[in-house]
Structure formats: structure tokens, C-alpha cells
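This is final08.txt (compact mmCIF, C-alpha atoms and all ligand atoms).
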# COMPACT_ATOMS: atom_id res chain seq x y z
CA MET A 50 108.24 88.03 86.18
CA PRO A 51 107.17 86.23 89.35
CA ILE A 52 107.43 82.46 89.27
CA ASP A 53 104.66 80.19 90.60
CA VAL A 54 105.74 76.79 91.85
CA SER A 55 104.45 73.92 93.94
CA ALA A 56 107.39 73.84 96.33
CA GLU A 57 108.25 70.84 98.47
CA VAL A 58 108.88 71.53 102.14
CA MET A 59 112.55 70.60 102.65
CA ALA A 60 112.66 71.20 106.41
CA ASN A 61 110.74 72.85 109.22
CA HIS A 62 112.69 74.14 112.22
CA PRO A 63 110.63 75.32 115.19
CA LEU A 64 112.39 78.18 117.00
CA SER A 65 109.82 78.53 119.80
CA THR A 66 106.16 77.72 120.39
CA ASP A 67 105.21 80.40 117.83
CA TYR A 68 108.15 80.96 115.50
CA ASN A 69 109.53 78.58 112.88
CA VAL A 70 111.77 78.58 109.82
CA LEU A 71 110.34 76.74 106.83
CA ALA A 72 112.64 75.68 103.98
CA LEU A 73 111.04 75.39 100.54
CA ALA A 74 112.49 73.85 97.38
CA ALA A 75 111.87 76.86 95.15
CA PRO A 76 115.31 77.37 93.53
CA ALA A 77 114.21 79.60 90.66
CA ILE A 78 112.44 82.01 93.03
CA ALA A 79 115.38 81.93 95.45
CA ALA A 80 117.89 82.67 92.67
CA ALA A 81 115.87 85.67 91.48
CA ALA A 82 115.03 87.15 94.90
CA ALA A 83 116.56 90.44 96.05
CA PRO A 84 116.69 91.53 99.72
CA GLY A 85 113.29 92.88 100.82
CA GLN A 86 111.26 90.93 98.29
CA PHE A 87 108.55 88.49 99.37
CA VAL A 88 106.68 85.37 98.34
CA MET A 89 102.97 84.56 98.54
CA ILE A 90 102.40 81.14 100.13
CA LYS A 91 99.64 78.70 100.99
CA PRO A 92 99.47 74.94 101.32
CA ALA A 93 99.07 73.45 97.83
CA ASP A 94 96.05 71.38 98.92
CA GLY A 95 92.74 72.69 100.21
CA PHE A 96 90.81 75.94 100.23
CA ASP A 97 91.30 77.12 103.81
CA PRO A 98 92.81 79.62 103.54
CA LEU A 99 91.64 80.50 100.05
CA LEU A 100 94.27 83.19 99.57
CA ARG A 101 98.04 82.99 99.87
CA ARG A 102 99.83 85.05 102.51
CA PRO A 103 102.95 87.23 102.10
CA PHE A 104 106.30 86.33 103.69
CA SER A 105 109.72 87.90 103.26
CA VAL A 106 112.40 85.72 101.75
CA PHE A 107 114.47 85.02 104.88
CA GLU A 108 117.42 83.03 103.51
CA VAL A 109 118.51 81.85 100.08
CA LEU A 110 119.77 78.27 100.44
CA ARG A 111 122.73 77.29 98.24
CA ASP A 112 124.67 74.11 97.50
CA ALA A 113 128.45 73.80 97.72
CA ARG A 114 128.83 75.41 94.28
CA GLY A 115 126.73 78.41 95.29
CA THR A 116 123.71 77.44 93.22
CA ALA A 117 120.38 78.36 94.82
CA THR A 118 118.49 75.27 95.97
CA GLY A 119 115.65 76.86 97.88
CA LEU A 120 114.58 79.57 100.28
CA THR A 121 113.42 79.84 103.86
CA ILE A 122 110.79 81.94 105.52
CA LEU A 123 110.77 83.00 109.17
CA SER A 124 107.16 82.76 110.32
CA LYS A 125 105.34 83.89 113.43
CA ARG A 126 102.13 82.01 114.16
CA ILE A 127 99.17 84.41 114.40
CA GLY A 128 96.32 82.76 112.44
CA VAL A 129 95.22 80.04 110.04
CA SER A 130 98.07 80.18 107.48
CA THR A 131 100.89 80.70 109.91
CA THR A 132 99.58 77.77 111.98
CA GLN A 133 99.70 75.60 108.85
CA ILE A 134 103.23 76.84 108.18
CA TYR A 135 104.23 76.07 111.77
CA ASP A 136 102.81 72.54 111.44
CA ALA A 137 104.10 71.85 107.89
CA ARG A 138 105.95 68.56 107.37
CA PRO A 139 108.84 67.77 105.04
CA GLY A 140 107.54 66.39 101.74
CA GLN A 141 104.35 68.48 101.90
CA ARG A 142 103.87 71.02 99.10
CA MET A 143 103.27 74.74 99.29
CA ALA A 144 102.02 76.97 96.48
CA CYS A 145 104.75 79.62 96.31
CA LEU A 146 104.69 82.72 94.08
CA GLY A 147 107.58 85.16 93.86
CA PRO A 148 109.79 87.00 94.08
CA LEU A 149 107.41 89.93 94.50
CA GLY A 150 107.63 93.62 95.34
CA ARG A 151 110.32 96.27 95.29
CA PRO A 152 113.46 95.34 97.21
CA PHE A 153 115.66 97.48 99.43
CA SER A 154 118.04 99.87 97.74
CA ILE A 155 121.51 98.72 98.81
CA VAL A 156 124.13 101.31 99.75
CA ASP A 157 127.86 101.08 99.10
CA ALA A 158 130.77 101.56 101.52
CA PRO A 159 131.79 103.84 103.14
CA ASP A 160 128.12 104.40 103.96
CA GLU A 161 126.95 102.42 106.98
CA ALA A 162 123.72 100.38 107.15
CA TRP A 163 121.62 100.37 110.30
CA MET A 164 118.87 97.75 110.21
CA VAL A 165 115.98 98.12 112.66
CA ALA A 166 113.93 94.96 113.29
CA GLY A 167 110.93 94.40 115.54
CA GLY A 168 109.97 90.77 116.19
CA VAL A 169 109.38 88.83 112.97
CA GLY A 170 110.45 92.01 111.14
CA LEU A 171 113.90 90.42 111.33
CA ALA A 172 112.99 88.36 108.25
CA PRO A 173 114.25 90.56 105.37
CA PHE A 174 117.53 91.40 107.09
CA ALA A 175 119.38 88.09 106.69
CA THR A 176 119.65 88.50 102.92
CA LEU A 177 120.11 92.26 103.22
CA ALA A 178 123.01 91.90 105.68
CA ALA A 179 124.68 89.36 103.37
CA ALA A 180 124.30 91.66 100.34
CA LEU A 181 125.61 94.67 102.26
CA GLY A 182 128.51 92.64 103.66
CA ALA A 183 129.48 91.56 100.14
CA ARG A 184 129.87 95.26 99.31
CA GLY A 185 131.98 95.87 102.39
CA VAL A 186 129.29 97.94 104.10
CA HIS A 187 129.51 98.01 107.89
CA CYS A 188 126.16 96.86 109.32
CA THR A 189 124.47 97.29 112.68
CA LEU A 190 121.28 95.43 113.58
CA PHE A 191 118.96 97.08 116.10
CA TYR A 192 116.71 94.17 117.09
CA GLY A 193 113.85 94.37 119.56
CA ALA A 194 111.60 91.59 120.84
CA ARG A 195 109.28 90.93 123.72
CA ARG A 196 111.71 88.67 125.56
CA ALA A 197 115.16 87.09 125.22
CA ALA A 198 113.71 83.80 123.96
CA GLU A 199 112.27 85.66 120.95
CA LEU A 200 115.61 87.03 119.76
CA PHE A 201 116.60 84.63 116.97
CA TYR A 202 119.60 84.07 114.69
CA LEU A 203 121.95 86.31 116.71
CA ASP A 204 125.00 84.17 115.88
CA PHE A 205 124.01 84.17 112.21
CA PHE A 206 124.27 87.96 112.12
CA ARG A 207 127.43 88.01 114.28
CA ASP A 208 129.05 85.58 111.82
CA LEU A 209 128.28 88.05 109.02
CA GLY A 210 130.18 90.71 111.00
CA VAL A 211 127.02 92.60 111.97
CA ASP A 212 127.09 94.61 115.23
CA LEU A 213 124.05 93.89 117.39
CA VAL A 214 122.05 96.29 119.56
CA LEU A 215 119.33 94.38 121.39
CA THR A 216 116.28 95.37 123.41
CA THR A 217 113.52 93.38 125.07
CA GLU A 218 110.28 94.66 126.51
CA ASP A 219 110.80 92.68 129.74
CA GLY A 220 114.52 93.42 130.05
CA SER A 221 115.52 89.74 129.80
CA ALA A 222 118.20 90.56 127.19
CA GLY A 223 119.80 93.77 126.05
CA GLU A 224 118.31 97.09 127.09
CA MET A 225 114.79 97.10 128.52
CA GLY A 226 112.29 98.93 126.31
CA ARG A 227 111.72 99.66 122.65
CA ILE A 228 114.39 99.37 119.96
CA VAL A 229 113.89 102.94 118.74
CA ALA A 230 115.38 104.31 121.99
CA PRO A 231 118.99 103.16 121.33
CA LEU A 232 118.52 104.02 117.65
CA ASP A 233 117.68 107.62 118.57
CA ARG A 234 120.61 107.90 121.00
CA ARG A 235 123.14 106.46 118.56
CA LEU A 236 121.96 108.66 115.72
CA ALA A 237 122.32 111.70 118.00
CA SER A 238 125.94 110.76 118.68
CA ARG A 239 126.92 110.20 115.02
CA PRO A 240 128.59 113.10 113.20
CA ALA A 241 126.58 114.41 110.26
CA SER A 242 129.53 113.60 107.98
CA ALA A 243 129.10 109.85 108.63
CA ARG A 244 126.56 108.61 106.09
CA VAL A 245 124.05 106.14 107.50
CA MET A 246 121.17 104.41 105.68
CA ILE A 247 118.41 103.13 107.96
CA TYR A 248 116.41 100.05 106.98
CA ALA A 249 113.36 99.10 109.07
CA CYS A 250 110.88 96.23 109.24
CA GLY A 251 108.44 95.43 112.02
CA PRO A 252 105.16 96.58 113.54
CA GLU A 253 103.75 99.75 112.00
CA GLY A 254 104.20 101.76 115.22
CA MET A 255 107.90 100.89 115.19
CA LEU A 256 108.17 101.84 111.51
CA ALA A 257 106.48 105.18 112.15
CA ALA A 258 108.75 105.92 115.11
CA THR A 259 111.85 104.89 113.14
CA ALA A 260 110.89 107.09 110.17
CA LYS A 261 110.27 110.04 112.51
CA ILE A 262 113.58 109.56 114.33
CA ALA A 263 115.49 109.18 111.05
CA ALA A 264 113.92 112.37 109.69
CA SER A 265 114.68 114.28 112.90
CA HIS A 266 118.37 113.39 112.46
CA GLY A 267 118.30 114.10 108.70
CA ARG A 268 118.96 110.46 107.80
CA PRO A 269 117.42 108.51 104.90
CA CYS A 270 115.21 105.60 105.87
CA GLN A 271 113.70 102.70 103.95
CA VAL A 272 110.77 100.92 105.60
CA SER A 273 109.24 97.57 104.67
CA VAL A 274 105.51 97.91 105.34
CA GLU A 275 103.32 94.93 106.24
CA ARG A 276 99.76 95.43 105.03
CA ILE A 277 97.24 92.64 104.58
CA MET A 278 97.75 91.36 101.03
CA GLY A 279 95.18 89.44 99.04
CA CYS A 280 97.09 88.87 95.81
CA GLY A 281 100.62 90.35 95.97
CA LEU A 282 100.32 91.33 92.32
CA GLY A 283 98.53 94.67 92.29
CA GLY A 284 95.07 93.31 91.50
CA CYS A 285 93.01 93.55 94.71
CA TYR A 286 93.93 96.90 96.37
CA SER A 287 93.87 95.33 99.86
CA CYS A 288 97.37 96.63 100.60
CA VAL A 289 97.20 100.37 99.93
CA VAL A 290 99.37 102.83 101.86
CA PRO A 291 99.11 106.66 101.74
CA VAL A 292 102.33 108.21 100.42
CA ARG A 293 103.33 111.72 99.45
CA GLY A 294 103.65 112.20 95.70
CA ASP A 295 105.99 114.53 93.79
CA ASP A 296 103.27 117.20 93.96
CA GLY A 297 103.41 117.08 97.78
CA ARG A 298 99.91 115.61 98.02
CA PHE A 299 99.12 112.20 99.49
CA HIS A 300 97.74 109.41 97.37
CA HIS A 301 97.41 105.65 97.90
CA VAL A 302 99.87 103.17 96.41
CA ARG A 303 99.59 99.39 96.38
CA SER A 304 102.35 98.31 98.73
CA CYS A 305 102.70 94.91 97.01
CA ILE A 306 104.00 96.55 93.82
CA ALA A 307 105.11 100.07 94.89
CA GLY A 308 106.58 98.46 98.05
CA PRO A 309 106.83 96.71 100.41
CA VAL A 310 109.95 98.88 100.70
CA LEU A 311 109.03 102.58 100.76
CA ALA A 312 110.83 105.76 101.76
CA GLY A 313 109.97 106.34 105.42
CA ASP A 314 109.53 110.09 104.98
CA GLN A 315 107.03 109.60 102.14
CA VAL A 316 104.54 107.47 104.11
CA ARG A 317 101.67 109.09 106.04
CA TRP A 318 101.70 107.31 109.39
CA ASP A 319 98.17 107.59 110.86
C1 LIG B 1 105.36 92.06 102.49
C2 LIG B 1 105.05 91.26 103.74
C3 LIG B 1 106.01 90.42 104.26
C4 LIG B 1 105.72 89.66 105.40
N1 LIG B 1 106.69 88.85 105.89
C5 LIG B 1 106.43 88.08 106.96
C6 LIG B 1 107.43 87.20 107.45
O1 LIG B 1 108.54 87.12 106.92
N2 LIG B 1 107.11 86.42 108.52
C7 LIG B 1 105.87 86.50 109.13
O2 LIG B 1 105.64 85.76 110.10
N3 LIG B 1 104.93 87.34 108.70
C8 LIG B 1 105.17 88.12 107.62
N4 LIG B 1 104.20 88.96 107.16
C9 LIG B 1 102.89 88.98 107.84
C10 LIG B 1 102.12 87.73 107.38
O3 LIG B 1 101.78 87.86 106.02
C11 LIG B 1 100.85 87.57 108.23
O4 LIG B 1 101.24 87.26 109.53
C12 LIG B 1 100.00 86.45 107.66
O5 LIG B 1 99.40 86.89 106.48
C13 LIG B 1 98.96 86.02 108.65
O6 LIG B 1 98.25 84.98 108.04
P1 LIG B 1 97.36 84.00 108.91
O7 LIG B 1 96.47 83.27 107.98
O8 LIG B 1 98.20 83.19 109.83
O9 LIG B 1 96.52 85.00 109.81
P2 LIG B 1 94.99 85.36 109.59
O10 LIG B 1 94.19 84.24 110.15
O11 LIG B 1 94.75 85.80 108.20
O12 LIG B 1 94.91 86.64 110.52
C14 LIG B 1 95.11 86.58 111.93
C15 LIG B 1 95.10 88.00 112.48
O13 LIG B 1 96.27 88.70 112.01
C16 LIG B 1 95.90 89.88 111.31
N5 LIG B 1 96.83 90.03 110.17
C17 LIG B 1 96.88 89.28 109.06
N6 LIG B 1 97.85 89.70 108.23
C18 LIG B 1 98.43 90.75 108.84
C19 LIG B 1 99.47 91.64 108.48
N7 LIG B 1 100.13 91.57 107.33
N8 LIG B 1 99.78 92.63 109.35
C20 LIG B 1 99.12 92.76 110.51
N9 LIG B 1 98.13 91.94 110.89
C21 LIG B 1 97.78 90.97 110.08
C22 LIG B 1 94.49 89.64 110.84
O14 LIG B 1 93.79 90.87 110.66
C23 LIG B 1 93.91 88.85 111.99
O15 LIG B 1 93.53 89.69 113.06
C24 LIG B 1 104.45 89.76 106.03
C25 LIG B 1 103.48 90.61 105.50
C26 LIG B 1 103.78 91.36 104.38
C27 LIG B 1 102.74 92.29 103.81
S1 LIG B 2 97.93 92.63 97.57
FE1 LIG B 2 96.48 92.79 95.95
S2 LIG B 2 96.87 94.80 95.21
FE2 LIG B 2 98.39 94.55 96.73
Go ahead and render the structure in this file as C-alpha cells.
Amino acid sequence: MPIDVSAEVMANHPLSTDYNVLALAAPAIAAAAAPGQFVMIKPADGFDPLLRRPFSVFEVLRDARGTATGLTILSKRIGVSTTQIYDARPGQRMACLGPLGRPFSIVDAPDEAWMVAGGVGLAPFATLAAALGARGVHCTLFYGARRAAELFYLDFFRDLGVDLVLTTEDGSAGEMGRIVAPLDRRLASRPASARVMIYACGPEGMLAATAKIAASHGRPCQVSVERIMGCGLGGCYSCVVPVRGDDGRFHHVRSCIAGPVLAGDQVRWD
């Protein structure tokens, strides 16, 4: 069952003029969250915005004994809520509901995990990389951004033992271009006997390209879709995604409860 709390803002770390990491004292939600799940958030006071917005659980914060004390979200400022999140001050309260949605399915070693992140699509991969690492799974993060200054938390992933493959659109770090290009090349060079699970989160065009590339190499792929969500609980149908059913025909599922993690080859990308 999702938990609804009025969570105190513990800290707010700006990463750039648009990105920030907000820490919320929501220990019960943090303790229950699985990689890929999300929370619905809005400032506890006021009616603008009226509706909460969805954010992946970025990190689970723990004390020295390992007990969950809170969670963070990685936010990119694009509108009214994300501006409030960027400007939030410690001590302020946020209405926080979660954990919500279906998480990633986590593979076991000797399978490898290749995570593909575009921009703020990095958010679900901090907890996923930690969970995979705890199972001894070798992880690679393919991470694309517009410019070097928008590649965040690289040392965090390196410290977890994750190999990094970076691209930027302007060539200021890593390879110039889109992140799916090195993904395609590396998949082509892997022997079919090496089992690789692909996890992707980012803009829908990147998800579609990743799913197509994974399918062309015969690899399984889990995508975390980002639709506009009004409730996060299955009640408003604002978040539907067309997926192929067992009968081979497409029907719409509510991505807040059937997802956000879906099989890439089941989604109709149009
Ligand atoms: C499951 C899930 C997890 C998410 N995790 C994160 C996360 O970890 N970090 C993060 O920064 N963002 C995340 N998002 C996206 C985030 O919810 C939106 O950026 C946020 O709702 C925008 O709210 P706003 O009030 O700032 O923008 P608004 O003022 O509501 O909208 C500004 C503009 O952005 C568009 N927009 C709003 N929501 C979305 C969306 N979901 N996808 C594409 N365009 C949108 C609107 O149509 C409008 O044009 C996630 C979305 C989903 C569905
Ligand atoms: S967000 Fe309301 S049904 Fe999915």
C-alpha cells in the first residue's frame, strides 16, 4: 500500500541552474521503495499546482545502522512544480505519496545489466545500480546529456563499480551524439552467449530507439516510461500507453500501475 506523508525537506542541493537533488524525510516510503518506483509530490501548502507530480526515487538515505531515514529525488526544472522543487527550503513540507508503480525486474549474475539514461532519466538508476551490485551483477551505465555540465553523479556510479559510457550532444564530454549509438555498437560486438539485460529511462524518442536496438540484437529491455500523471494510482487515465497484449493486439494500460517499467518490445512507439 502506498504511504502518504507530509515530508520535511531535509536538504536541497542545486546541481546546475535547472537540476537539483531534494532530500525528503519520508523514511517509511524510502524503506519500502524498490528500484524504478516513484513518488507523487507537491508542496504541502497551496493549490498551485493542484495535482502532485511523479518523480523517481533517486536515492534511499540511511543512517549508520542502515535504517532508511529519507529519500531524494533528482529534479529537472521544466514548469510550476519543478520550479517549486528547485526553490524548496529545508524545513518546508512536501506532500509525498509512494512508493508507486511496478519496479524494474532485477537480474542475477552472471547476467550483465546495461542501463541507458537520457538526461534526468538517470534518476531510477542509482538505486537500481546499488541493488544489482549487491547481487554481484556487472553494470554499465550509458548516459547521455546535452553537455558535460549536465552529466551528474558520475563518481557515485564509479564508486559502485559501474562502467560509464558517456555521450553529449555538443561533444563536451564523452562521444558526441546520442547515447543509443554506442549502445548499438557495443551490443553488436557482444557474443550472443553473454546475457545482457537493458534498462532504459529518458525521453520517449530515446526509449523507442533503445527498445528497437535491443530487439534488433535479440536482447530483453525494460523501459521506464514518463507519461503525464494526474494521480499515480490508476484513477484518472492520464497516463495510458499502448502495449501489445497476449493476444497480439494493442490495448492501453495505465502506466502508473502497469508501469512505469514496461517491456520495451511490448510498447507501441508512435
Ligand atoms: C514515473 C515518472 C517518473 C518521473 N521521474 C522524474 C524524475 O525523477 N525527475 C524529474 O525531473 N522528472 C521526472 N518525471 C517527469 C516529471 O514528473 C515532470 O517533469 C513534472 O511532472 C513536470 O511538472 P511541472 O509542474 O514542473 O511542469 P508543468 O508545468 O506541469 O509542465 C511543463 C511542461 O512539461 C510538460 N510535461 C509535464 N510532465 C511531463 C512528463 N511527464 N513528460 C513530458 N513532458 C511533461 C507539460 O506538458 C508542459 O509542456 C517523471 C515522470 C514520470 C511519469
Ligand atoms: S496517473 Fe492517474 S491513472 Fe495513471
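Closest approach to ligand LIG 2 (chain B) among A:Arg102, A:Lys91, A:His187, A:His266 is made by A:Arg102 (distances from all atoms listed in the file).
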Using only C-alpha atoms, which residues sit within 7 Å of A:Ala117 once same-chain residues fewer than 5 positions away are excluded, as a CSV table (one decimal) with C-alpha atoms, keeping the file's coordinate frame?
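Everything below was put into around-v5.csv:
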chain,number,residue,atom,x,y,z
A,76,PRO,CA,115.3,77.4,93.5
A,79,ALA,CA,115.4,81.9,95.4
A,80,ALA,CA,117.9,82.7,92.7
A,109,VAL,CA,118.5,81.8,100.1
A,110,LEU,CA,119.8,78.3,100.4
A,111,ARG,CA,122.7,77.3,98.2
A,112,ASP,CA,124.7,74.1,97.5
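Relative to atom CA of A:Ala75, atom CA of A:Arg101 is found at 15.8 Å.
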Which residues of chain A come within 8 Å of ligand LIG 1 (chain B), and for each one, what is the closest pair of atoms and their distance in Å to one decimal, counting all atoms listed in the file, sorted by chain and residue number, as a Markdown table?
| residue | atom | partner | partner_atom | distance |
| --- | --- | --- | --- | --- |
| A:Tyr68 | CA | B:LIG1 | O2 | 7.6 |
| A:Gln86 | CA | B:LIG1 | C1 | 7.3 |
| A:Phe87 | CA | B:LIG1 | C1 | 5.7 |
| A:Val88 | CA | B:LIG1 | C3 | 7.8 |
| A:Pro98 | CA | B:LIG1 | O7 | 6.8 |
| A:Arg101 | CA | B:LIG1 | O5 | 7.8 |
| A:Arg102 | CA | B:LIG1 | O5 | 4.4 |
| A:Pro103 | CA | B:LIG1 | O3 | 4.1 |
| A:Phe104 | CA | B:LIG1 | N1 | 3.4 |
| A:Ser105 | CA | B:LIG1 | O1 | 3.9 |
| A:Val106 | CA | B:LIG1 | O1 | 6.6 |
| A:Phe107 | CA | B:LIG1 | O1 | 6.6 |
| A:Ile122 | CA | B:LIG1 | O1 | 5.8 |
| A:Leu123 | CA | B:LIG1 | N2 | 5.1 |
| A:Ser124 | CA | B:LIG1 | O2 | 3.4 |
| A:Lys125 | CA | B:LIG1 | O2 | 3.8 |
| A:Arg126 | CA | B:LIG1 | O8 | 6.0 |
| A:Ile127 | CA | B:LIG1 | O8 | 4.8 |
| A:Gly128 | CA | B:LIG1 | O8 | 3.2 |
| A:Val129 | CA | B:LIG1 | O7 | 4.0 |
| A:Ser130 | CA | B:LIG1 | O7 | 3.5 |
| A:Thr131 | CA | B:LIG1 | O8 | 3.7 |
| A:Thr132 | CA | B:LIG1 | O8 | 6.0 |
| A:Gln133 | CA | B:LIG1 | O8 | 7.8 |
| A:Gly150 | CA | B:LIG1 | C1 | 7.7 |
| A:Val169 | CA | B:LIG1 | N2 | 5.5 |
| A:Gly170 | CA | B:LIG1 | O1 | 6.7 |
| A:Leu171 | CA | B:LIG1 | O1 | 7.7 |
| A:Ala172 | CA | B:LIG1 | O1 | 4.8 |
| A:Pro173 | CA | B:LIG1 | O1 | 6.8 |
| A:Pro252 | CA | B:LIG1 | C20 | 7.8 |
| A:Ser273 | CA | B:LIG1 | C1 | 7.1 |
| A:Val274 | CA | B:LIG1 | C27 | 6.4 |
| A:Glu275 | CA | B:LIG1 | C27 | 3.6 |
| A:Arg276 | CA | B:LIG1 | C27 | 4.5 |
| A:Ile277 | CA | B:LIG1 | N7 | 4.1 |
| A:Met278 | CA | B:LIG1 | C27 | 5.8 |
| A:Cys288 | CA | B:LIG1 | C27 | 7.6 |
| A:Ser304 | CA | B:LIG1 | C27 | 7.9 |
| A:Cys305 | CA | B:LIG1 | C1 | 6.7 |
| A:Gly308 | CA | B:LIG1 | C1 | 7.9 |
| A:Pro309 | CA | B:LIG1 | C1 | 5.3 |
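Between atom FE1 of ligand LIG 2 (chain B) and atom CA of A:Arg303 there is a distance of 7.3 Å.
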Which residues of stretch 217-257 of chain A come within 9 Å of stretch 156-162 of chain A, and what is each one's closest atom pair and distance in Å (one decimal), counting all atoms listed in the file, sorted by chain and residue number, as JSON lines?
{"residue": "A:Ala243", "atom": "CA", "partner": "A:Asp160", "partner_atom": "CA", "distance": 7.2}
{"residue": "A:Arg244", "atom": "CA", "partner": "A:Asp160", "partner_atom": "CA", "distance": 5.0}
{"residue": "A:Val245", "atom": "CA", "partner": "A:Glu161", "partner_atom": "CA", "distance": 4.7}
{"residue": "A:Met246", "atom": "CA", "partner": "A:Ala162", "partner_atom": "CA", "distance": 5.0}
{"residue": "A:Ile247", "atom": "CA", "partner": "A:Ala162", "partner_atom": "CA", "distance": 6.0}
{"residue": "A:Tyr248", "atom": "CA", "partner": "A:Ala162", "partner_atom": "CA", "distance": 7.3}
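Using only C-alpha atoms and all ligand atoms for every distance, the candidate list A:Leu149, A:Met225, A:Leu232, A:Val70 yields A:Leu149 as the residue closest to ligand LIG 2 (chain B).
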What are the centre and the three edge lengths of an axis-aligned box that wraps all atoms of ligand LIG 2 (chain B) in the file, given that 4 Å is added to every side, written as AutoDock Vina command-line options and rounded to one decimal in Å?
--center_x 97.4 --center_y 93.7 --center_z 96.4 --size_x 9.9 --size_y 10.2 --size_z 10.4
Item to check | Which residue of A:Ala179, A:His301, A:Gly223, A:Gly167 approaches A:Arg207 most closely, using all atoms listed in the file | outcome: A:Ala179
Item to check | Within 12 Å of A:Leu203 using all atoms listed in the file, minus same-chain residues under 6 positions, as number ranges by chain | outcome: A: 171, 174-175, 189-193, 197, 209-215, 222
